[in-house]
Amino acid sequence: MIERIAILGTGLLGTSVGLALRAAGFEGAITGWNRSPEQAQLALKAGAIDAVAADPLEAACGAQVTLLGMPIYATLDFMEKLAGVLGPEHLVTDVGSTKGQIAVAAGRLFNTPEQAAFLPGHPMAGKERGGAELAEADLFRGAVWLFTDDPEWQRSPNGVALVKGWREWVTAMGAKTLDLEPARHDELVAWLSHLPQFVATALSAVLEDEVGDAPELKDVGGRGLREMTRLGASPWSMWRDIAYTNTEEIERALQTLEQRLAHIRENLRTAELRDEFERANQFRRE
């Protein structure tokens with residue numbers, strides 16, 4: 001039974017996990033830590049955590065489950081640190097948006113009978129902006145929480161039990177779970193999450209350049225514009241590590257889209273354009 005959880009990184013996702021756990025009936029202790037003391041205090045004030053930890057490694061040592069709610073490179077850094085202080089009575093999991101490098105590190109640093117368990121995870125939920133102040137208890141309800149577990153990992157009996165217990169709490173938070181291989185995960189999210197972000201970024205940037213100072217912009221731009229550019233408000237700090245750790249898959253997705261856009265541009269006055277709309281309508285129907 002999981003009774004003690006540490007959340008290292010009390011931003012949007014980490015704080016939302018704490019709130020969702022409480023809403024799902026978790027009665028154990030939740031300790032939080034953040035590089036920004038202000039973010040940790042916001043999580044405490046919201047009731048997502050019971051206490052703010054002074055030292056993240058001590059917090060992890062005192063917990064059964066540690067959630068890393070931070071960017072990917074920070075997660076990789078903490079994995080190295082935690083591997084040296086945790087044992088088979090601990091589980092570490094994360095919320096990183098790419099899983100290739102994290103899964104490799106999990107196999108190297110964790111997941112033996114003598115080491116702590118590590119369960120790579122990725123909730124497909126979030127907002128265009130981060131921060132504890134935007135956290136919601138219902139953020140994961142109806143969302144898919146992806147795991148890239150490896151059946152070859154040999155965990156301690158306690159590690160196996162903690163993995164099972166954490167999966168159950170994820171379900172209790174309202175999420176649906178799905179297991180994927182790391183490479184397949186990164187391929188899919190490149191198309192379904194990363195590509196939409198970079199399209200919105202490019203569209204928002206070009207609109208800023210072309211009509212950003214137009215006084216009619218607010219009057220002419222309607223719901224479609226707002227929906228298409230919502231993700232354009234996402235900060236670079238949230239997406240840097242994703243771009244760096246899933247570069248090849250994102251490049252492939254962007255290149256394919258570039259070719260499709262060129263095809264549309266070349267066929268604005270032919271029946272090929274109708275075919276593109278029909279193809280797009282089919283995807284929306286599915």
# chains A, B, ... in the order shown; residues from 1 in each chain; ligands from 1

$ select_by_dssp --residues "range 30-267 of chain A" --states "strand (DSSP E or B)" --output "PyMOL selection string"
chain A and resi 30-33+51-52+65-68+91-94+117-119+121-123+144-147+176-179

$ residues_around --residues "Glu249 in chain A" --least-positions-apart "4" --cutoff "7 Å" --atoms "only C-alpha atoms" --output "list in words"
Glu187, Ala190 and Ala253 of chain A

$ residues_around --residues "Ile2 in chain A" --least-positions-apart "4" --cutoff "12 Å" --atoms "only C-alpha atoms" --output "PyMOL selection string"
chain A and resi 6+21+26-30+63-66+89-91+158-159+161-169

$ write_last_selection --atoms "C-alpha atoms" --output "compact mmCIF listing (two decimals), in the first residue's frame"
# COMPACT_ATOMS: atom_id res chain seq x y z
CA ALA A 6 7.11 12.85 -2.92
CA LEU A 21 -4.68 12.13 -5.66
CA PHE A 26 -5.45 9.31 -1.19
CA GLU A 27 -5.01 9.85 2.55
CA GLY A 28 -1.27 9.37 2.86
CA ALA A 29 1.46 11.99 3.11
CA ILE A 30 2.44 14.05 0.05
CA ALA A 63 8.73 8.41 0.36
CA GLN A 64 7.68 5.14 -1.21
CA VAL A 65 6.88 6.75 -4.56
CA THR A 66 8.65 9.76 -6.04
CA GLU A 89 11.79 -0.23 -1.29
CA HIS A 90 11.31 2.78 -3.57
CA LEU A 91 9.59 3.57 -6.87
CA ASN A 158 8.31 -4.44 -3.30
CA GLY A 159 9.07 -2.59 -6.53
CA ALA A 161 3.91 -3.98 -5.76
CA LEU A 162 4.61 -0.23 -5.89
CA VAL A 163 4.33 -0.20 -9.69
CA LYS A 164 0.98 -1.95 -9.45
CA GLY A 165 -0.17 0.44 -6.74
CA TRP A 166 0.86 3.54 -8.69
CA ARG A 167 -0.95 2.32 -11.81
CA GLU A 168 -4.07 1.88 -9.69
CA TRP A 169 -3.82 5.44 -8.40

$ atom_distance --atom1 "CA of Met228 in chain A" --atom2 "CA of Arg141 in chain A"
23.6 Å

$ closest_residue --among "A:Thr98, A:Leu67, A:Ala46, A:Gly142" --to "Asp241 in chain A" --atoms "only C-alpha atoms"
A:Thr98

$ select_by_dssp --residues "range 4-237 of chain A" --states "helix (DSSP H, G or I)" --output "PyMOL selection string"
chain A and resi 12-23+37-46+56-61+72-83+100-109+132-134+157-172+182-211+217-220+223-233+236-237

$ write_last_selection --atoms "C-alpha atoms" --output "tab-separated table (two decimals), in the first residue's frame"
chain	number	residue	atom	x	y	z
A	12	LEU	CA	1.26	22.31	-13.52
A	13	LEU	CA	1.50	18.52	-13.75
A	14	GLY	CA	3.07	17.84	-10.36
A	15	THR	CA	0.58	20.01	-8.50
A	16	SER	CA	-2.30	18.58	-10.51
A	17	VAL	CA	-1.18	15.07	-9.52
A	18	GLY	CA	-1.31	16.05	-5.85
A	19	LEU	CA	-4.77	17.56	-6.24
A	20	ALA	CA	-5.99	14.56	-8.25
A	21	LEU	CA	-4.68	12.13	-5.66
A	22	ARG	CA	-6.54	13.93	-2.90
A	23	ALA	CA	-9.71	14.04	-4.99
A	37	PRO	CA	10.08	28.11	-3.65
A	38	GLU	CA	7.11	30.20	-4.82
A	39	GLN	CA	5.77	27.29	-6.90
A	40	ALA	CA	6.14	24.92	-3.97
A	41	GLN	CA	4.24	27.31	-1.71
A	42	LEU	CA	1.45	27.62	-4.26
A	43	ALA	CA	1.12	23.83	-4.32
A	44	LEU	CA	1.02	23.79	-0.52
A	45	LYS	CA	-1.62	26.54	-0.40
A	46	ALA	CA	-3.73	24.67	-2.96
A	56	PRO	CA	14.55	16.80	-2.69
A	57	LEU	CA	16.76	13.74	-2.14
A	58	GLU	CA	15.73	13.49	1.50
A	59	ALA	CA	12.10	13.80	0.45
A	60	ALA	CA	12.53	10.93	-2.00
A	61	CYS	CA	14.27	8.77	0.60
A	72	ILE	CA	13.24	15.95	-19.44
A	73	TYR	CA	16.86	16.94	-18.87
A	74	ALA	CA	16.11	17.78	-15.23
A	75	THR	CA	14.43	14.37	-14.93
A	76	LEU	CA	17.52	12.65	-16.32
A	77	ASP	CA	19.71	14.58	-13.88
A	78	PHE	CA	17.55	13.60	-10.91
A	79	MET	CA	17.50	9.98	-12.03
A	80	GLU	CA	21.28	9.91	-11.67
A	81	LYS	CA	21.08	11.47	-8.20
A	82	LEU	CA	18.23	9.30	-6.93
A	83	ALA	CA	19.79	6.06	-8.13
A	100	GLY	CA	13.55	7.25	-25.32
A	101	GLN	CA	16.37	8.64	-23.18
A	102	ILE	CA	14.42	8.24	-19.95
A	103	ALA	CA	13.74	4.54	-20.64
A	104	VAL	CA	17.43	3.93	-21.37
A	105	ALA	CA	18.41	5.62	-18.10
A	106	ALA	CA	15.75	3.65	-16.23
A	107	GLY	CA	17.26	0.39	-17.46
A	108	ARG	CA	20.78	1.51	-16.57
A	109	LEU	CA	20.15	3.02	-13.14
A	132	ALA	CA	1.12	25.44	-9.98
A	133	GLU	CA	-1.45	28.23	-10.16
A	134	LEU	CA	-3.02	26.54	-13.21
A	157	PRO	CA	8.88	-7.77	-5.03
A	158	ASN	CA	8.31	-4.44	-3.30
A	159	GLY	CA	9.07	-2.59	-6.53
A	160	VAL	CA	6.54	-4.72	-8.40
A	161	ALA	CA	3.91	-3.98	-5.76
A	162	LEU	CA	4.61	-0.23	-5.89
A	163	VAL	CA	4.33	-0.20	-9.69
A	164	LYS	CA	0.98	-1.95	-9.45
A	165	GLY	CA	-0.17	0.44	-6.74
A	166	TRP	CA	0.86	3.54	-8.69
A	167	ARG	CA	-0.95	2.32	-11.81
A	168	GLU	CA	-4.07	1.88	-9.69
A	169	TRP	CA	-3.82	5.44	-8.40
A	170	VAL	CA	-3.38	6.75	-11.94
A	171	THR	CA	-6.63	5.02	-12.85
A	172	ALA	CA	-8.26	6.41	-9.71
A	182	PRO	CA	9.63	3.93	-25.94
A	183	ALA	CA	10.36	4.28	-29.67
A	184	ARG	CA	6.69	3.88	-30.57
A	185	HIS	CA	5.75	6.40	-27.87
A	186	ASP	CA	8.12	9.03	-29.25
A	187	GLU	CA	6.95	8.39	-32.80
A	188	LEU	CA	3.27	8.79	-31.90
A	189	VAL	CA	3.64	11.87	-29.73
A	190	ALA	CA	5.74	13.52	-32.46
A	191	TRP	CA	2.67	13.35	-34.72
A	192	LEU	CA	-0.11	13.83	-32.19
A	193	SER	CA	1.40	16.31	-29.73
A	194	HIS	CA	4.67	17.79	-30.90
A	195	LEU	CA	3.65	18.51	-34.50
A	196	PRO	CA	0.51	20.46	-33.46
A	197	GLN	CA	2.64	22.53	-31.11
A	198	PHE	CA	5.22	23.46	-33.72
A	199	VAL	CA	2.53	24.17	-36.31
A	200	ALA	CA	0.83	26.52	-33.85
A	201	THR	CA	4.18	28.13	-33.04
A	202	ALA	CA	4.98	28.69	-36.71
A	203	LEU	CA	1.49	29.98	-37.49
A	204	SER	CA	1.48	32.36	-34.53
A	205	ALA	CA	4.96	33.62	-35.39
A	206	VAL	CA	4.12	34.27	-39.05
A	207	LEU	CA	0.88	36.00	-38.11
A	208	GLU	CA	2.77	38.21	-35.69
A	209	ASP	CA	5.18	39.13	-38.47
A	210	GLU	CA	2.51	39.72	-41.13
A	211	VAL	CA	-0.52	41.17	-39.31
A	217	LEU	CA	-6.87	41.84	-35.86
A	218	LYS	CA	-9.12	41.36	-32.84
A	219	ASP	CA	-12.22	42.09	-34.89
A	220	VAL	CA	-11.41	39.89	-37.86
A	223	ARG	CA	-12.78	31.32	-33.03
A	224	GLY	CA	-10.84	29.39	-35.65
A	225	LEU	CA	-7.85	31.68	-35.21
A	226	ARG	CA	-8.01	31.38	-31.43
A	227	GLU	CA	-8.17	27.59	-31.59
A	228	MET	CA	-5.35	27.30	-34.12
A	229	THR	CA	-3.02	29.62	-32.23
A	230	ARG	CA	-3.79	28.61	-28.63
A	231	LEU	CA	-0.69	26.43	-28.43
A	232	GLY	CA	1.34	29.31	-29.82
A	233	ALA	CA	1.30	30.74	-26.29
A	236	TRP	CA	10.17	27.84	-25.20
A	237	SER	CA	11.21	26.64	-21.75

$ residues_around --residues "Val52 in chain A" --least-positions-apart "6" --cutoff "7 Å" --atoms "only C-alpha atoms" --output "list in words"
Thr31, Gly32, Trp33 and Ala40 of chain A

$ write_last_selection --atoms "C-alpha atoms" --output "PDB file, in the first residue's frame"
ATOM      1  CA  THR A  31       5.640  16.068   0.210  1.00  0.00           C
ATOM      2  CA  GLY A  32       6.544  18.533  -2.497  1.00  0.00           C
ATOM      3  CA  TRP A  33       9.647  20.310  -3.756  1.00  0.00           C
ATOM      4  CA  ALA A  40       6.137  24.916  -3.968  1.00  0.00           C
TER       5      ALA A  40
END

$ atom_distance --atom1 "CA of Leu8 in chain A" --atom2 "CA of Gln154 in chain A"
25.2 Å

$ atom_distance --atom1 "CA of Glu276 in chain A" --atom2 "CA of Ala125 in chain A"
29.3 Å

$ residues_around --residues "Gly87 in chain A" --least-positions-apart "3" --cutoff "7 Å" --atoms "only C-alpha atoms" --output "list in words"
His90, Glu114, Gln115 and Ala116 of chain A

$ residues_around --residues "Phe140 in chain A" --least-positions-apart "3" --cutoff "9 Å" --atoms "only C-alpha atoms" --output "JSON, numbers by chain"
{"A": [16, 17, 20, 123, 124, 125, 126, 136, 137, 143, 144, 145, 170, 173, 174, 175, 176]}

$ write_last_selection --atoms "N, CA and C atoms" --output "mmCIF file, in the first residue's frame"
data_model
loop_
_atom_site.group_PDB
_atom_site.id
_atom_site.type_symbol
_atom_site.label_atom_id
_atom_site.label_comp_id
_atom_site.auth_asym_id
_atom_site.auth_seq_id
_atom_site.Cartn_x
_atom_site.Cartn_y
_atom_site.Cartn_z
ATOM 1 N N SER A 16 -1.041 19.218 -10.114
ATOM 2 C CA SER A 16 -2.303 18.580 -10.508
ATOM 3 C C SER A 16 -2.356 17.132 -10.022
ATOM 4 N N VAL A 17 -1.211 16.439 -10.038
ATOM 5 C CA VAL A 17 -1.181 15.072 -9.517
ATOM 6 C C VAL A 17 -1.552 15.068 -8.042
ATOM 7 N N ALA A 20 -5.228 15.703 -7.753
ATOM 8 C CA ALA A 20 -5.993 14.557 -8.247
ATOM 9 C C ALA A 20 -5.939 13.390 -7.279
ATOM 10 N N PRO A 123 1.536 11.458 -18.848
ATOM 11 C CA PRO A 123 0.108 11.774 -18.981
ATOM 12 C C PRO A 123 -0.120 12.713 -20.153
ATOM 13 N N MET A 124 -1.035 12.342 -21.027
ATOM 14 C CA MET A 124 -1.357 13.176 -22.185
ATOM 15 C C MET A 124 -2.379 14.227 -21.753
ATOM 16 N N ALA A 125 -1.900 15.121 -20.919
ATOM 17 C CA ALA A 125 -2.748 16.188 -20.388
ATOM 18 C C ALA A 125 -1.843 17.373 -20.077
ATOM 19 N N GLY A 126 -2.382 18.539 -20.172
ATOM 20 C CA GLY A 126 -1.584 19.720 -19.886
ATOM 21 C C GLY A 126 -2.282 20.960 -20.419
ATOM 22 N N GLU A 136 -5.142 21.596 -11.786
ATOM 23 C CA GLU A 136 -6.537 21.190 -11.600
ATOM 24 C C GLU A 136 -6.603 19.742 -11.151
ATOM 25 N N ALA A 137 -7.510 19.450 -10.258
ATOM 26 C CA ALA A 137 -7.696 18.076 -9.803
ATOM 27 C C ALA A 137 -8.223 17.177 -10.911
ATOM 28 N N ALA A 143 -8.128 11.498 -19.707
ATOM 29 C CA ALA A 143 -6.895 11.535 -20.489
ATOM 30 C C ALA A 143 -6.230 10.163 -20.494
ATOM 31 N N VAL A 144 -5.306 9.968 -21.420
ATOM 32 C CA VAL A 144 -4.522 8.738 -21.462
ATOM 33 C C VAL A 144 -3.189 8.980 -20.767
ATOM 34 N N TRP A 145 -2.820 8.072 -19.884
ATOM 35 C CA TRP A 145 -1.539 8.136 -19.182
ATOM 36 C C TRP A 145 -0.682 7.009 -19.761
ATOM 37 N N VAL A 170 -3.212 6.019 -10.676
ATOM 38 C CA VAL A 170 -3.380 6.748 -11.937
ATOM 39 C C VAL A 170 -4.790 6.539 -12.476
ATOM 40 N N MET A 173 -7.265 8.479 -10.524
ATOM 41 C CA MET A 173 -7.262 9.904 -10.860
ATOM 42 C C MET A 173 -8.104 10.197 -12.103
ATOM 43 N N GLY A 174 -8.628 9.154 -12.722
ATOM 44 C CA GLY A 174 -9.509 9.329 -13.866
ATOM 45 C C GLY A 174 -8.869 9.097 -15.213
ATOM 46 N N ALA A 175 -7.596 8.698 -15.234
ATOM 47 C CA ALA A 175 -6.892 8.495 -16.495
ATOM 48 C C ALA A 175 -7.044 7.064 -16.991
ATOM 49 N N LYS A 176 -6.888 6.912 -18.296
ATOM 50 C CA LYS A 176 -6.816 5.592 -18.911
ATOM 51 C C LYS A 176 -5.341 5.287 -19.171
#

$ residues_around --residues "range 94-96 of chain A" --least-positions-apart "3" --cutoff "7 Å" --atoms "only C-alpha atoms" --output "PDB file with N, CA and C atoms, in the first residue's frame"
ATOM      1  N   LEU A  67       7.514  11.132  -7.665  1.00  0.00           N
ATOM      2  CA  LEU A  67       7.106  11.576  -9.000  1.00  0.00           C
ATOM      3  C   LEU A  67       8.003  12.728  -9.427  1.00  0.00           C
ATOM      4  N   LEU A  68       8.640  12.590 -10.585  1.00  0.00           N
ATOM      5  CA  LEU A  68       9.457  13.655 -11.145  1.00  0.00           C
ATOM      6  C   LEU A  68       8.608  14.463 -12.112  1.00  0.00           C
ATOM      7  N   GLY A  69       8.169  15.636 -11.674  1.00  0.00           N
ATOM      8  CA  GLY A  69       7.307  16.481 -12.496  1.00  0.00           C
ATOM      9  C   GLY A  69       8.084  17.660 -13.052  1.00  0.00           C
ATOM     10  N   PRO A  71      11.057  19.107 -16.434  1.00  0.00           N
ATOM     11  CA  PRO A  71      11.487  18.888 -17.816  1.00  0.00           C
ATOM     12  C   PRO A  71      12.404  17.679 -17.957  1.00  0.00           C
ATOM     13  N   ILE A  72      12.585  17.230 -19.184  1.00  0.00           N
ATOM     14  CA  ILE A  72      13.237  15.946 -19.437  1.00  0.00           C
ATOM     15  C   ILE A  72      14.684  15.920 -18.973  1.00  0.00           C
ATOM     16  N   LYS A  99      10.258   9.639 -24.180  1.00  0.00           N
ATOM     17  CA  LYS A  99      10.578   8.519 -23.306  1.00  0.00           C
ATOM     18  C   LYS A  99      11.831   7.755 -23.699  1.00  0.00           C
ATOM     19  N   PRO A 120       8.622   4.640 -16.323  1.00  0.00           N
ATOM     20  CA  PRO A 120       8.494   5.812 -17.182  1.00  0.00           C
ATOM     21  C   PRO A 120       7.031   6.070 -17.535  1.00  0.00           C
ATOM     22  N   GLY A 121       6.588   7.298 -17.315  1.00  0.00           N
ATOM     23  CA  GLY A 121       5.194   7.622 -17.582  1.00  0.00           C
ATOM     24  C   GLY A 121       5.031   8.960 -18.268  1.00  0.00           C
ATOM     25  N   HIS A 122       3.879   9.153 -18.905  1.00  0.00           N
ATOM     26  CA  HIS A 122       3.603  10.396 -19.623  1.00  0.00           C
ATOM     27  C   HIS A 122       2.091  10.610 -19.711  1.00  0.00           C
ATOM     28  N   PRO A 123       1.536  11.458 -18.848  1.00  0.00           N
ATOM     29  CA  PRO A 123       0.108  11.774 -18.981  1.00  0.00           C
ATOM     30  C   PRO A 123      -0.120  12.713 -20.153  1.00  0.00           C
TER      31      PRO A 123
END

$ decode --residues "range 113-153 of chain A" --atoms "C-alpha atoms" --output "CSV table (one decimal), in the first residue's frame"
chain,number,residue,atom,x,y,z
A,113,PRO,CA,16.2,-6.5,-7.3
A,114,GLU,CA,18.9,-4.4,-5.6
A,115,GLN,CA,17.8,-1.1,-7.0
A,116,ALA,CA,14.8,1.2,-6.9
A,117,ALA,CA,12.1,0.6,-9.4
A,118,PHE,CA,11.5,3.2,-12.2
A,119,LEU,CA,8.3,3.4,-14.2
A,120,PRO,CA,8.5,5.8,-17.2
A,121,GLY,CA,5.2,7.6,-17.6
A,122,HIS,CA,3.6,10.4,-19.6
A,123,PRO,CA,0.1,11.8,-19.0
A,124,MET,CA,-1.4,13.2,-22.2
A,125,ALA,CA,-2.7,16.2,-20.4
A,126,GLY,CA,-1.6,19.7,-19.9
A,127,LYS,CA,-2.1,23.3,-20.9
A,128,GLU,CA,-0.3,25.8,-23.1
A,129,ARG,CA,1.2,27.4,-20.0
A,130,GLY,CA,2.6,25.8,-16.9
A,131,GLY,CA,2.7,26.7,-13.2
A,132,ALA,CA,1.1,25.4,-10.0
A,133,GLU,CA,-1.4,28.2,-10.2
A,134,LEU,CA,-3.0,26.5,-13.2
A,135,ALA,CA,-3.2,23.1,-11.7
A,136,GLU,CA,-6.5,21.2,-11.6
A,137,ALA,CA,-7.7,18.1,-9.8
A,138,ASP,CA,-9.6,17.0,-13.0
A,139,LEU,CA,-6.7,17.5,-15.4
A,140,PHE,CA,-6.2,13.8,-16.0
A,141,ARG,CA,-9.8,12.8,-16.0
A,142,GLY,CA,-10.5,11.1,-19.4
A,143,ALA,CA,-6.9,11.5,-20.5
A,144,VAL,CA,-4.5,8.7,-21.5
A,145,TRP,CA,-1.5,8.1,-19.2
A,146,LEU,CA,1.2,6.4,-21.2
A,147,PHE,CA,3.7,4.0,-19.7
A,148,THR,CA,6.8,2.7,-21.4
A,149,ASP,CA,7.5,-0.2,-19.0
A,150,ASP,CA,9.9,-3.0,-20.0
A,151,PRO,CA,9.0,-6.6,-19.3
A,152,GLU,CA,12.7,-7.5,-19.1
A,153,TRP,CA,13.3,-5.3,-16.1
